[in-house]
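Engineer: Have a peek at target.txt (compact mmCIF, C-alpha atoms).
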```
# COMPACT_ATOMS: atom_id res chain seq x y z
CA MET A 1 78.40 125.49 62.27
CA THR A 2 77.34 122.58 60.11
CA THR A 3 76.47 119.29 61.69
CA PRO A 4 78.22 116.35 59.99
CA ALA A 5 75.91 113.64 58.59
CA ILE A 6 75.40 110.83 61.07
CA ARG A 7 76.33 107.46 59.62
CA THR A 8 74.14 104.55 60.66
CA GLU A 9 74.39 100.88 59.93
CA THR A 10 72.32 97.81 60.69
CA MET A 11 73.32 95.04 63.04
CA THR A 12 73.16 91.31 62.30
CA VAL A 13 72.25 89.15 65.29
CA ASN A 14 72.12 85.37 65.60
CA MET A 15 69.15 84.28 67.69
CA GLY A 16 69.69 80.62 68.44
CA PRO A 17 70.24 77.79 67.85
CA GLN A 18 70.79 77.61 71.62
CA HIS A 19 68.35 80.33 72.58
CA PRO A 20 65.94 79.14 75.33
CA SER A 21 62.90 80.63 73.58
CA THR A 22 63.36 79.25 70.06
CA HIS A 23 61.62 76.01 71.06
CA GLY A 24 64.54 73.81 70.10
CA VAL A 25 67.51 74.31 67.85
CA LEU A 26 66.01 76.95 65.56
CA ARG A 27 68.40 79.67 64.39
CA LEU A 28 67.23 83.07 63.23
CA VAL A 29 69.66 85.44 61.50
CA LEU A 30 68.14 88.85 62.23
CA GLU A 31 69.08 92.16 60.68
CA LEU A 32 68.22 94.96 63.10
CA ASP A 33 67.86 98.69 62.80
CA GLY A 34 67.90 99.58 66.47
CA GLU A 35 65.19 97.30 67.86
CA THR A 36 63.27 96.93 64.57
CA VAL A 37 63.68 93.70 62.60
CA LEU A 38 64.53 94.47 58.96
CA SER A 39 65.03 90.90 57.77
CA ALA A 40 64.96 87.42 59.22
CA ALA A 41 66.38 84.18 57.85
CA PRO A 42 65.27 81.01 59.67
CA THR A 43 67.94 78.30 59.60
CA ILE A 44 66.94 74.70 60.30
CA GLY A 45 68.57 71.27 60.20
CA TYR A 46 70.40 71.18 63.54
CA LEU A 47 68.13 68.39 64.82
CA HIS A 48 68.04 66.26 61.66
CA THR A 49 67.47 62.62 62.61
CA GLY A 50 66.86 60.94 59.26
CA ILE A 51 63.70 59.29 60.56
CA GLU A 52 62.01 59.17 57.15
CA LYS A 53 64.98 57.33 55.65
CA THR A 54 65.38 55.08 58.66
CA ALA A 55 61.75 53.98 58.24
CA GLU A 56 62.69 52.27 54.97
CA GLN A 57 64.86 49.82 56.92
CA LYS A 58 62.19 48.90 59.46
CA LYS A 59 59.21 46.58 59.40
CA TRP A 60 55.83 48.29 59.25
CA GLN A 61 55.10 48.07 62.97
CA GLN A 62 58.64 49.18 63.83
CA VAL A 63 58.07 52.55 62.15
CA ILE A 64 55.52 53.59 64.78
CA PRO A 65 58.07 54.47 67.53
CA LEU A 66 60.01 56.49 64.94
CA VAL A 67 57.10 58.65 63.75
CA GLU A 68 56.11 59.29 67.37
CA ARG A 69 59.48 60.93 67.93
CA MET A 70 59.14 63.40 65.08
CA ASP A 71 56.65 65.68 66.79
CA TYR A 72 57.19 64.54 70.34
CA LEU A 73 54.23 66.57 71.63
CA SER A 74 51.74 64.83 69.35
CA ALA A 75 53.20 61.33 69.35
CA GLN A 76 49.92 59.45 69.21
CA SER A 77 48.45 61.69 66.52
CA ASN A 78 51.51 60.86 64.41
CA SER A 79 51.15 57.13 64.93
CA ILE A 80 47.44 57.30 64.10
CA ALA A 81 48.23 59.15 60.85
CA PHE A 82 50.85 56.58 59.86
CA CYS A 83 48.65 53.61 60.74
CA LEU A 84 45.68 55.03 58.81
CA SER A 85 47.80 55.28 55.64
CA VAL A 86 49.08 51.71 56.04
CA GLU A 87 45.59 50.44 56.80
CA ALA A 88 44.34 52.15 53.63
CA LEU A 89 46.88 50.13 51.64
CA LEU A 90 45.85 46.95 53.44
CA GLY A 91 42.20 47.72 52.78
CA ILE A 92 41.11 46.79 56.31
CA GLU A 93 38.14 48.12 58.27
CA LEU A 94 38.68 48.79 61.96
CA PRO A 95 36.14 47.83 64.63
CA GLN A 96 34.12 50.85 65.79
CA ARG A 97 35.41 50.47 69.35
CA VAL A 98 38.99 50.84 68.10
CA ARG A 99 38.04 53.98 66.18
CA ASP A 100 36.47 55.57 69.24
CA ILE A 101 39.47 54.73 71.43
CA ARG A 102 41.80 56.28 68.85
CA ILE A 103 39.69 59.44 68.76
CA LEU A 104 39.74 59.67 72.55
CA ILE A 105 43.52 59.22 72.63
CA ALA A 106 44.07 61.78 69.85
CA GLU A 107 41.97 64.43 71.60
CA LEU A 108 43.70 63.85 74.93
CA GLN A 109 46.98 64.25 73.04
CA ARG A 110 45.73 67.55 71.56
CA ILE A 111 44.98 68.89 75.04
CA ASN A 112 48.38 67.66 76.24
CA SER A 113 50.19 69.48 73.42
CA HIS A 114 48.22 72.70 73.87
CA LEU A 115 48.98 72.68 77.60
CA VAL A 116 52.71 72.50 76.91
CA TRP A 117 52.34 75.30 74.36
CA LEU A 118 50.30 77.51 76.69
CA GLY A 119 52.65 77.03 79.62
CA THR A 120 55.87 77.69 77.72
CA HIS A 121 54.43 80.55 75.65
CA GLY A 122 53.06 82.24 78.75
CA MET A 123 56.38 81.90 80.54
CA GLU A 124 58.28 83.42 77.62
CA VAL A 125 56.21 86.60 77.65
CA GLY A 126 56.43 86.97 81.42
CA ALA A 127 53.51 84.94 82.81
CA VAL A 128 55.58 82.37 84.69
CA SER A 129 52.72 81.11 86.86
CA VAL A 130 50.84 79.80 83.81
CA MET A 131 53.51 77.19 83.14
CA LEU A 132 53.14 75.76 86.64
CA TYR A 133 49.35 75.61 86.24
CA CYS A 134 49.46 73.95 82.79
CA PHE A 135 52.08 71.36 83.68
CA ARG A 136 50.01 70.39 86.71
CA GLU A 137 47.24 69.13 84.41
CA ARG A 138 49.67 67.79 81.85
CA GLU A 139 51.04 65.41 84.47
CA LEU A 140 47.58 63.85 84.72
CA LEU A 141 47.57 63.22 80.96
CA LEU A 142 51.02 61.66 81.15
CA ASN A 143 49.68 59.44 83.93
CA ILE A 144 46.95 58.28 81.54
CA ASN A 145 49.61 57.42 78.93
CA GLU A 146 51.48 55.47 81.58
CA LEU A 147 48.29 53.66 82.53
CA LEU A 148 47.70 52.75 78.88
CA ALA A 149 51.11 51.47 77.90
CA GLY A 150 53.66 52.00 80.65
CA PHE A 151 55.27 54.98 78.86
CA ARG A 152 54.52 58.62 79.52
CA LEU A 153 55.71 60.45 76.40
CA PHE A 154 55.88 57.83 73.61
CA PRO A 155 53.36 55.09 74.44
CA SER A 156 53.42 53.33 71.00
CA TYR A 157 49.93 52.14 71.90
CA ILE A 158 48.53 52.59 68.37
CA ARG A 159 49.29 49.68 66.05
CA VAL A 160 48.51 48.86 62.43
CA GLY A 161 45.16 47.07 62.64
CA GLY A 162 44.14 48.46 66.00
CA LEU A 163 45.77 48.88 69.40
CA ARG A 164 48.57 47.16 71.27
CA GLU A 165 46.23 45.68 73.87
CA ASP A 166 42.88 46.30 75.49
CA LEU A 167 42.22 49.21 77.80
CA PRO A 168 43.52 48.75 81.35
CA ARG A 169 41.40 48.65 84.46
CA GLN A 170 40.33 52.01 85.86
CA PHE A 171 40.87 53.66 82.47
CA HIS A 172 37.32 55.00 82.20
CA GLU A 173 37.34 56.31 85.76
CA THR A 174 40.75 57.98 85.36
CA VAL A 175 39.82 59.72 82.10
CA ARG A 176 36.42 60.79 83.44
CA ALA A 177 38.06 62.32 86.52
CA PHE A 178 40.37 64.33 84.25
CA LEU A 179 37.49 65.50 82.04
CA ASP A 180 35.52 66.61 85.11
CA ARG A 181 38.51 68.53 86.45
CA MET A 182 39.65 70.26 83.27
CA PRO A 183 36.92 72.88 82.51
CA VAL A 184 37.54 74.69 85.80
CA LYS A 185 41.28 74.64 85.16
CA LEU A 186 40.79 76.15 81.70
CA ASP A 187 38.87 78.95 83.42
CA GLU A 188 41.89 79.47 85.68
CA TYR A 189 44.24 79.80 82.69
CA GLU A 190 41.94 82.35 81.09
CA ASP A 191 41.64 84.29 84.35
CA LEU A 192 45.43 84.59 84.31
CA LEU A 193 45.86 85.60 80.67
CA THR A 194 42.82 86.57 78.61
CA LYS A 195 42.37 90.03 80.14
CA ASN A 196 45.87 90.37 81.54
CA GLU A 197 47.02 93.80 80.34
CA ILE A 198 50.67 92.78 80.02
CA TYR A 199 49.87 89.60 78.09
CA VAL A 200 47.43 91.39 75.79
CA GLU A 201 49.99 94.12 75.04
CA ARG A 202 52.65 91.49 74.29
CA THR A 203 50.46 89.50 71.88
CA ARG A 204 47.75 91.66 70.30
CA ASN A 205 48.71 92.91 66.79
CA VAL A 206 51.97 90.95 67.11
CA GLY A 207 53.00 88.42 64.45
CA ARG A 208 49.99 89.10 62.27
CA VAL A 209 49.37 86.95 59.21
CA SER A 210 46.50 87.53 56.79
CA ARG A 211 44.13 84.88 55.52
CA ASP A 212 45.65 85.04 52.04
CA ASP A 213 49.18 84.74 53.41
CA ALA A 214 48.15 81.80 55.58
CA ILE A 215 46.85 80.02 52.50
CA GLY A 216 49.86 81.07 50.43
CA TYR A 217 52.30 79.66 52.99
CA SER A 218 50.24 76.45 53.33
CA LEU A 219 49.65 77.19 57.01
CA LEU A 220 47.01 75.04 58.67
CA GLY A 221 45.85 74.29 62.18
CA PRO A 222 45.44 77.00 64.84
CA ILE A 223 47.67 79.47 62.97
CA ALA A 224 45.44 79.43 59.88
CA ARG A 225 42.18 79.26 61.83
CA ALA A 226 43.25 82.33 63.83
CA ALA A 227 43.59 84.13 60.48
CA GLY A 228 40.13 83.17 59.24
CA VAL A 229 40.86 79.91 57.38
CA ASP A 230 38.00 77.59 58.34
CA TYR A 231 39.79 74.31 57.63
CA ASP A 232 39.95 71.29 59.91
CA VAL A 233 40.71 67.80 58.59
CA ARG A 234 38.25 66.31 61.08
CA LYS A 235 35.45 68.23 59.35
CA VAL A 236 36.62 68.41 55.72
CA PHE A 237 38.04 64.87 55.36
CA PRO A 238 36.58 62.97 58.34
CA TYR A 239 38.42 59.88 59.55
CA LEU A 240 37.77 57.34 62.30
CA GLY A 241 34.13 58.47 62.43
CA TYR A 242 34.66 62.12 63.41
CA GLU A 243 31.61 62.98 61.32
CA THR A 244 29.45 61.34 64.00
CA TYR A 245 30.80 63.60 66.77
CA ASP A 246 29.37 66.95 67.80
CA PHE A 247 32.06 69.65 68.02
CA ALA A 248 32.83 73.09 66.62
CA VAL A 249 35.95 74.45 64.91
CA PRO A 250 37.06 77.73 66.57
CA VAL A 251 37.96 80.41 64.01
CA ARG A 252 39.17 83.99 64.48
CA THR A 253 40.03 86.67 61.94
CA GLU A 254 42.68 88.84 63.61
CA GLY A 255 45.60 86.57 62.68
CA ASP A 256 47.85 87.74 65.53
CA ALA A 257 49.46 85.95 68.47
CA TYR A 258 46.52 86.78 70.74
CA ALA A 259 44.04 85.22 68.30
CA ARG A 260 46.15 82.06 68.16
CA TYR A 261 45.97 81.88 71.96
CA LEU A 262 42.17 82.22 71.92
CA VAL A 263 41.83 79.55 69.22
CA ARG A 264 43.92 77.00 71.09
CA VAL A 265 42.09 77.52 74.38
CA ALA A 266 38.77 77.11 72.56
CA GLU A 267 40.12 73.97 70.88
CA MET A 268 40.87 72.44 74.27
CA ARG A 269 37.27 72.99 75.30
CA GLU A 270 36.03 71.34 72.09
CA SER A 271 38.41 68.41 72.63
CA LEU A 272 36.90 67.89 76.06
CA LYS A 273 33.46 67.63 74.41
CA ILE A 274 34.77 65.04 71.94
CA CYS A 275 36.46 63.05 74.72
CA ARG A 276 33.21 62.86 76.71
CA GLN A 277 31.31 61.59 73.67
CA ALA A 278 34.00 59.01 72.89
CA LEU A 279 34.21 57.80 76.48
CA GLU A 280 30.46 57.18 76.53
CA ARG A 281 30.72 55.06 73.39
CA ILE A 282 33.66 52.92 74.48
CA THR A 283 32.72 49.77 76.36
CA PRO A 284 35.15 48.64 79.10
CA THR A 285 35.99 45.47 77.16
CA GLY A 286 35.71 44.42 73.53
CA ALA A 287 37.63 44.32 70.28
CA TYR A 288 40.93 46.21 70.32
CA ALA A 289 42.25 45.08 66.91
CA ILE A 290 41.01 43.50 63.70
CA ASP A 291 40.57 39.74 63.70
CA ASP A 292 43.23 38.98 61.09
CA PRO A 293 45.98 36.51 62.07
CA ARG A 294 48.28 37.90 59.34
CA ILE A 295 48.48 41.29 61.09
CA THR A 296 47.31 40.95 64.69
CA PRO A 297 49.31 38.72 67.06
CA PRO A 298 47.30 36.23 69.13
CA PRO A 299 46.55 36.83 72.83
CA LYS A 300 49.35 35.80 75.16
CA ASP A 301 47.29 33.11 76.88
CA ARG A 302 46.93 31.34 73.52
CA VAL A 303 50.63 31.77 72.74
CA TYR A 304 51.48 29.93 75.95
CA THR A 305 49.09 27.03 75.30
CA GLU A 306 48.71 26.54 71.50
CA MET A 307 51.45 25.71 69.01
CA GLU A 308 49.61 27.43 66.12
CA ALA A 309 49.36 30.64 68.13
CA LEU A 310 53.05 30.42 69.06
CA ILE A 311 54.03 30.07 65.39
CA GLN A 312 51.77 32.97 64.42
CA HIS A 313 53.27 35.11 67.19
CA PHE A 314 56.81 34.23 66.07
CA LEU A 315 56.14 35.03 62.41
CA ILE A 316 54.53 38.40 63.08
CA TYR A 317 57.29 39.59 65.42
CA SER A 318 60.21 38.18 63.41
CA GLN A 319 59.06 38.70 59.80
CA GLY A 320 56.28 41.27 60.18
CA PHE A 321 53.52 41.39 57.58
CA THR A 322 53.46 42.40 53.94
CA VAL A 323 51.50 45.32 52.53
CA PRO A 324 50.14 45.27 48.94
CA PRO A 325 51.98 47.53 46.46
CA GLY A 326 50.59 51.03 46.24
CA GLU A 327 50.65 54.46 47.83
CA ALA A 328 48.41 56.20 50.35
CA TYR A 329 48.11 59.46 52.25
CA VAL A 330 45.50 59.77 55.01
CA PRO A 331 45.88 63.07 56.92
CA VAL A 332 44.74 63.75 60.48
CA GLU A 333 44.21 67.00 62.36
CA GLY A 334 47.13 67.13 64.76
CA PRO A 335 47.66 69.78 67.44
CA ARG A 336 49.65 71.91 64.97
CA GLY A 337 47.49 71.29 61.91
CA GLU A 338 47.26 68.73 59.14
CA GLN A 339 49.69 65.90 59.83
CA GLY A 340 49.98 63.02 57.41
CA PHE A 341 52.34 60.39 56.05
CA TYR A 342 52.66 59.61 52.37
CA VAL A 343 53.41 55.89 52.41
CA VAL A 344 54.59 53.84 49.43
CA SER A 345 54.71 50.03 49.52
CA ASP A 346 56.46 47.71 47.06
CA GLY A 347 54.70 44.65 48.42
CA THR A 348 57.28 43.66 51.03
CA ASN A 349 57.33 43.72 54.83
CA ARG A 350 59.02 47.14 54.86
CA PRO A 351 57.89 50.51 53.47
CA TRP A 352 59.55 51.64 50.25
CA ARG A 353 59.06 55.29 51.19
CA VAL A 354 57.63 57.26 54.11
CA LYS A 355 57.27 61.03 53.71
CA SER A 356 55.84 63.26 56.42
CA ARG A 357 53.82 66.44 56.00
CA PRO A 358 55.18 68.45 58.94
CA PRO A 359 53.05 71.45 59.99
CA SER A 360 55.92 72.91 62.04
CA LEU A 361 58.15 73.20 58.95
CA LEU A 362 55.52 75.20 57.10
CA ALA A 363 55.07 77.45 60.14
CA CYS A 364 58.83 78.13 60.19
CA GLN A 365 58.84 79.31 56.58
CA ALA A 366 56.21 81.92 57.46
CA LEU A 367 58.25 83.27 60.39
CA GLU A 368 59.94 85.95 58.29
CA LYS A 369 56.56 87.31 57.18
CA MET A 370 55.39 87.50 60.79
CA ILE A 371 58.38 89.20 62.44
CA VAL A 372 59.88 91.56 59.83
CA GLY A 373 58.86 95.12 60.67
CA GLY A 374 58.27 94.29 64.32
CA LEU A 375 60.47 94.64 67.37
CA ILE A 376 63.11 92.15 68.42
CA ALA A 377 61.30 91.82 71.76
CA ASP A 378 58.28 90.49 69.85
CA VAL A 379 60.24 87.75 68.06
CA VAL A 380 60.02 85.48 71.11
CA ALA A 381 56.26 86.04 71.37
CA VAL A 382 55.80 85.18 67.68
CA ILE A 383 57.88 82.00 67.82
CA GLY A 384 55.94 80.87 70.88
CA SER A 385 52.60 81.65 69.26
CA ILE A 386 53.19 79.42 66.20
CA ASP A 387 54.02 76.41 68.41
CA VAL A 388 56.83 74.83 66.41
CA VAL A 389 58.46 71.53 67.40
CA MET A 390 61.90 71.25 65.86
CA GLY A 391 61.82 67.46 65.76
CA ASP A 392 58.89 67.83 63.38
CA VAL A 393 60.79 70.44 61.32
CA ASP A 394 64.07 68.57 60.81
CA ARG A 395 62.97 64.91 60.96
```
For the structure just supplied, provide its representation as structure tokens.
Structural biologist:
Amino acid sequence: MTTPAIRTETMTVNMGPQHPSTHGVLRLVLELDGETVLSAAPTIGYLHTGIEKTAEQKKWQQVIPLVERMDYLSAQSNSIAFCLSVEALLGIELPQRVRDIRILIAELQRINSHLVWLGTHGMEVGAVSVMLYCFRERELLLNINELLAGFRLFPSYIRVGGLREDLPRQFHETVRAFLDRMPVKLDEYEDLLTKNEIYVERTRNVGRVSRDDAIGYSLLGPIARAAGVDYDVRKVFPYLGYETYDFAVPVRTEGDAYARYLVRVAEMRESLKICRQALERITPTGAYAIDDPRITPPPKDRVYTEMEALIQHFLIYSQGFTVPPGEAYVPVEGPRGEQGFYVVSDGTNRPWRVKSRPPSLLACQALEKMIVGGLIADVVAVIGSIDVVMGDVDR
């Protein structure tokens, strides 16, 4: 007897845009041969907010709450990047105390973002307990945001020319208590995951990307550093005085999901070192903005008692300030890599153009390279390992 030829065909599966593990409204059109991924087409745009266009209708200070909502896990890094570009156009020099406070806030934000990533990524590959551990410490960081500005997720504490107001009472003590607590907690996370056989099997040699591919896809941040690309904006193009701080840039060569985990945990430890150095430099009171009445509003006690201060306050909040014509791009090292805003001014009190460099978008375009040839069960682990935020992708 002759056996008839068995006909096989591939299956097309939509993963998302409502899938709980696509980190937002990301849609992947997967072609499967059994459980092997033959092709993958990422589809974006479901969360498009038009923030970049909306910024053209807002005064310079009013753009800050908008850019914070692009990548909602690195809100203050975004506002620092935007303000640095505007301040470059204005040609102003910030007081050193303001620079150190911004560095402290940015590094706390980096730890905050990595904690959310670690907790959700661990949960998606089966380590549910890790999420509960990570969010326990994240709550303390949100408390610090609330102490600073009254808001937990989008503080809008960074302003063009400095900060919204001076540091609150108990700020130093609260931050120091967190920094003292965190190293032991990082050890706990690593005890749960680093040598966990299930986690290692789910992440090692999964979602690999080579150094050349990382450069070719313009990947930066932890994804590129896990593949051997030794690039960190804080070291290569220092800003805010990062060149005066002592810290290392963790780099691996494996390029897989496990290496990205190791890099981010090491980055949290380095951020703690930077935070300690910054906290020692910051005096409890002092300058929190440049002394320029065209940009910085007067203190409230003067507004209530002096007519000139009241007029100045009214003009800044009703008309804003003008920025000389020109263009600027000052990148920062955000939690997901280089984050910057290309800002164009036509000399008015509103930006002519604001264009973001979103690291999450560039990570999404490399998804196909990472998951094709692997198993469908590994797709979730790969998406989690690249740490995309869809608000940053769609904007």
Engineer: In terms of the shortest atom-to-atom distance over all atoms listed in the file, which of A:Ser85, A:Ser385, A:Thr285, A:Ser210 is closest to Asp166 of chain A?
Structural biologist: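 Looking at the shortest contact to Asp166 of chain A, the residue is A:Thr285.
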Engineer: In Å, with one decimal, what is the gap from atom CA of Val344 of chain A to atom CA of Val67 of chain A?
Structural biologist: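 If I compute the distance from atom CA of Val344 of chain A to atom CA of Val67 of chain A, I get 15.3 Å.
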Engineer: Work out how far atom CA of Tyr317 of chain A is from atom CA of Leu163 of chain A, in Å to one decimal.
Structural biologist: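 Between these atoms lies a distance of 15.3 Å.
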Engineer: Find the smallest box with edges along x, y and z containing every listed atom of segment 232-239 of chain A, then add 3 Å on each side and report centre and edge lengths in Å to one decimal, as AutoDock Vina command-line options.
Structural biologist:
```
--center_x 38.1 --center_y 65.6 --center_z 58.2 --size_x 11.3 --size_y 17.4 --size_z 11.7
```
Engineer: Just to confirm, what's the straight-line distance from atom CA of Ile386 of chain A to atom CA of Met370 of chain A in Å (one decimal)?
Structural biologist: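 Atom-to-atom, atom CA of Ile386 of chain A and atom CA of Met370 of chain A are spaced 10.0 Å apart.
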Engineer: What lies within 8 Å of Phe171 of chain A using all atoms listed in the file, ignoring chain neighbours under 5 positions off, as a list in words?
Structural biologist: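 The residues that qualify are Ile144, Leu147 and Leu148 of chain A.
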Engineer: Using only C-alpha atoms, can you tell me which of A:Gln57, A:Val332, A:Cys83, A:Val128 comes closest to Thr348 of chain A?
Structural biologist: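 Closest to Thr348 of chain A, using only C-alpha atoms: A:Gln57.
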Engineer: Nearest to Leu142 of chain A among A:Ala266, A:Ile105, A:Leu220, A:Val160, with distances taken over only C-alpha atoms: which residue is it?
Structural biologist: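 Closest to Leu142 of chain A, using only C-alpha atoms: A:Ile105.
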Engineer: My list of candidates is A:Phe151, A:Phe314, A:Phe135, A:Phe341. Which is closest to Ile111 of chain A when distances are computed with all atoms listed in the file?
Structural biologist: A:Phe135
Engineer: Could you check the closest approach to Leu193 of chain A for each of A:Ser360, A:Val233, A:Val265, A:Ser218 and tell me which residue wins, using all atoms listed in the file?
Structural biologist: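 Distance minimum relative to Leu193 of chain A lands on A:Val265.
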Engineer: Using only C-alpha atoms for the distances, tell me which of A:Leu32, A:Leu108, A:Ala381, A:Leu118 is nearest to Asn143 of chain A.
Structural biologist: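 Distance minimum relative to Asn143 of chain A lands on A:Leu108.
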Engineer: Need the shell around Thr12 of chain A: protein/DNA/RNA residues with any atom at most 12 Å away, counting all atoms listed in the file. Skip same-chain ones fewer than 4 positions apart. Format as a PyMOL selection string?
Structural biologist: chain A and resi 28-41+376
Engineer: Those same residues - C-alpha atoms - I'd like them written as a compact mmCIF listing (two decimals), in the coordinates of the input.
Structural biologist:
```
# COMPACT_ATOMS: atom_id res chain seq x y z
CA LEU A 28 67.23 83.07 63.23
CA VAL A 29 69.66 85.44 61.50
CA LEU A 30 68.14 88.85 62.23
CA GLU A 31 69.08 92.16 60.68
CA LEU A 32 68.22 94.96 63.10
CA ASP A 33 67.86 98.69 62.80
CA GLY A 34 67.90 99.58 66.47
CA GLU A 35 65.19 97.30 67.86
CA THR A 36 63.27 96.93 64.57
CA VAL A 37 63.68 93.70 62.60
CA LEU A 38 64.53 94.47 58.96
CA SER A 39 65.03 90.90 57.77
CA ALA A 40 64.96 87.42 59.22
CA ALA A 41 66.38 84.18 57.85
CA ILE A 376 63.11 92.15 68.42
```
